[in-house]
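The next block holds one structure in the form of structure tokens; read it before the comments.
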Amino acid sequence: ESSCFRALAWSAVLLCVALSVWGAVAVTAIQPYVRELAEEDGQWADCERCKRSFSSVWDANITLFQTVVAGDSWGLVAIPIIERNPWAAVVFMGSLLTIVFGVLNLGVAVVVDTAAERRAKDINGRGAQMEYEEINEKSALKKLFKKIDIDGSGQVSFEELTDGVRKIPELRHLLRVMDIDSEDLLQLFQLVDTDQSGEIDPDEFTEAIYRFQHTESKTALRFVKHLLAKLVEHQVDFVDRVGGSFSEVEHRVYEYKSDLQ
């Protein structure tokens, strides 16, 4: 909070400096035209302050704050002066760009950036928020699991999962967000069924789906890893079988040679 207040304080200082600089310029460049308009053309007959809007730096600061910062009656003073001398637009437009798009926006950006930095460093607050969100999301996933578990056995088979996708819009939308279609259901089921029991329990479903949703890697990457693991498993099994077959052939060849001798 102190850093935000400090940023606001510096923004106020910069605003005062910018107003004073443009106020001094306005007193020198614009006040003569204000006097001419008021005396010769009878401009601002019903606005006493308009006649002395740039008579001093203080008055110019108040006028610029009123018209540029607050946006109040900008054309009441500026437009007649610009029509009398178009070069006066440089002062008005310059003060507008400098103060509004420079100082004020810069101050807002600094305050927002400071608040974002403080929030990023608030590890305890972020951790508590993430824990709260995790509890709520897992609770919702458990409720969804109960909807899928039609027979109420506490276990979900692959048939129940496919049937749930057809009948439960919430599950269908969840899988859609995870970029999982009907062709990927079997792979998803095998991934969630960590103990390879052929059925999914509530904890397996909740933990797996939550992990898929909140890890940096995409769901497709998890599928690829699962397929690679299965491929390696099958490859190892194939190598073992081939190795066993070669050993058996070698043993029989040895026996055949022995018989021939």
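Convention: chains lettered A, B, ... in structure tokens order; per-chain residue numbering from 1; ligands numbered from 1 as shown.
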message: Please extract the residues of range 8-78 of chain A with a backbone DSSP assignment of helix (DSSP H, G or I) and present them as a PyMOL selection string.
response: chain A and resi 8-29+31-39+50-52+57-69+74-78
May I have the selected residues written with C-alpha atoms, as a compact mmCIF listing (two decimals), in the first residue's frame?
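out-v4.txt, written as the output of this step:
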# COMPACT_ATOMS: atom_id res chain seq x y z
CA LEU A 8 0.37 8.45 -6.47
CA ALA A 9 2.29 11.16 -4.62
CA TRP A 10 4.96 11.33 -7.32
CA SER A 11 2.24 11.43 -9.98
CA ALA A 12 0.68 14.41 -8.19
CA VAL A 13 4.07 16.14 -8.10
CA LEU A 14 4.62 15.54 -11.81
CA LEU A 15 1.10 16.80 -12.51
CA CYS A 16 1.78 20.03 -10.61
CA VAL A 17 5.07 20.51 -12.47
CA ALA A 18 3.44 19.91 -15.86
CA LEU A 19 0.58 22.29 -15.03
CA SER A 20 3.02 24.98 -13.89
CA VAL A 21 5.17 24.66 -17.03
CA TRP A 22 2.22 24.86 -19.39
CA GLY A 23 0.66 27.55 -17.20
CA ALA A 24 3.74 29.74 -17.60
CA VAL A 25 3.69 29.14 -21.36
CA ALA A 26 -0.02 29.99 -21.50
CA VAL A 27 0.45 33.26 -19.57
CA THR A 28 3.04 34.38 -22.09
CA ALA A 29 1.47 33.06 -25.30
CA GLN A 31 -3.14 35.85 -22.23
CA PRO A 32 -2.73 38.66 -24.82
CA TYR A 33 -5.36 37.05 -27.03
CA VAL A 34 -7.67 36.57 -24.05
CA ARG A 35 -7.41 40.28 -23.32
CA GLU A 36 -8.12 41.18 -26.95
CA LEU A 37 -11.15 38.90 -27.12
CA ALA A 38 -12.54 40.25 -23.87
CA GLU A 39 -11.96 43.94 -24.60
CA CYS A 50 -12.84 33.45 -18.38
CA LYS A 51 -11.39 36.92 -18.84
CA ARG A 52 -8.62 36.23 -16.33
CA VAL A 57 0.47 31.15 -13.53
CA TRP A 58 -1.87 30.26 -10.67
CA ASP A 59 -4.95 31.16 -12.70
CA ALA A 60 -3.55 29.27 -15.68
CA ASN A 61 -2.93 26.20 -13.52
CA ILE A 62 -6.53 26.28 -12.29
CA THR A 63 -7.82 26.72 -15.84
CA LEU A 64 -5.72 23.86 -17.22
CA PHE A 65 -6.74 21.60 -14.34
CA GLN A 66 -10.40 22.44 -14.93
CA THR A 67 -10.30 21.99 -18.70
CA VAL A 68 -7.62 19.32 -19.26
CA VAL A 69 -7.68 17.16 -16.13
CA TRP A 74 -12.86 22.89 -22.35
CA GLY A 75 -14.30 24.65 -25.37
CA LEU A 76 -15.58 27.66 -23.45
CA VAL A 77 -12.12 29.20 -23.24
CA ALA A 78 -10.00 27.24 -25.72
message: Can you measure CA of Leu97 in chain A to CA of Ala109 in chain A for me? One decimal in Å is fine.
response: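 Distance reported for this atom pair: 16.0 Å.
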- request: Excluding range 154-166 of chain A and any residue of its chain fewer than 5 positions from it, enumerate the residues within 12 Å of it, using only C-alpha atoms, and give them as a ChimeraX atom specification.
  value: /A:142-149,171-176,180-193,196-205
Selected residues written out with C-alpha atoms, as a JSON list (two decimals), in the first residue's frame:
[["chain", "number", "residue", "atom", "x", "y", "z"],
["A", 142, "LYS", "CA", -16.65, -35.42, -7.12],
["A", 143, "LYS", "CA", -20.25, -34.35, -7.71],
["A", 144, "LEU", "CA", -19.71, -34.97, -11.42],
["A", 145, "PHE", "CA", -18.30, -38.43, -10.64],
["A", 146, "LYS", "CA", -21.48, -39.30, -8.76],
["A", 147, "LYS", "CA", -23.51, -38.36, -11.82],
["A", 148, "ILE", "CA", -21.37, -40.65, -13.99],
["A", 149, "ASP", "CA", -21.60, -43.52, -11.49],
["A", 171, "LEU", "CA", -19.00, -33.91, -18.51],
["A", 172, "ARG", "CA", -19.19, -33.39, -22.26],
["A", 173, "HIS", "CA", -18.33, -29.70, -21.93],
["A", 174, "LEU", "CA", -15.47, -30.48, -19.54],
["A", 175, "LEU", "CA", -13.90, -32.91, -22.00],
["A", 176, "ARG", "CA", -14.44, -30.42, -24.80],
["A", 180, "ILE", "CA", -10.79, -34.64, -25.68],
["A", 181, "ASP", "CA", -13.27, -36.20, -28.08],
["A", 182, "SER", "CA", -14.96, -39.60, -28.17],
["A", 183, "GLU", "CA", -11.97, -41.21, -29.89],
["A", 184, "ASP", "CA", -9.73, -40.27, -26.96],
["A", 185, "LEU", "CA", -12.00, -41.65, -24.22],
["A", 186, "LEU", "CA", -10.23, -45.00, -23.99],
["A", 187, "GLN", "CA", -6.84, -43.34, -23.62],
["A", 188, "LEU", "CA", -8.29, -40.97, -21.03],
["A", 189, "PHE", "CA", -9.78, -43.90, -19.13],
["A", 190, "GLN", "CA", -6.45, -45.74, -19.12],
["A", 191, "LEU", "CA", -4.66, -42.60, -17.93],
["A", 192, "VAL", "CA", -7.11, -42.02, -15.10],
["A", 193, "ASP", "CA", -7.16, -45.70, -14.10],
["A", 196, "GLN", "CA", -5.16, -50.64, -14.01],
["A", 197, "SER", "CA", -8.14, -52.22, -12.26],
["A", 198, "GLY", "CA", -10.51, -51.62, -15.15],
["A", 199, "GLU", "CA", -12.57, -49.18, -13.09],
["A", 200, "ILE", "CA", -12.09, -45.62, -11.86],
["A", 201, "ASP", "CA", -12.64, -44.63, -8.25],
["A", 202, "PRO", "CA", -13.54, -41.08, -7.12],
["A", 203, "ASP", "CA", -10.00, -40.20, -6.03],
["A", 204, "GLU", "CA", -8.48, -41.32, -9.33],
["A", 205, "PHE", "CA", -11.04, -39.34, -11.31]]
- prompt: Quick one: distance from CA of Ala140 in chain A to CA of Ser153 in chain A in Å, one decimal?
  reply: 18.9 Å
field: Coordinates-based distance that separates CA of Arg211 in chain A from CA of Glu137 in chain A (Å, one decimal)
entry: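 Going from CA of Glu137 in chain A over to CA of Arg211 in chain A, I get 11.1 Å.
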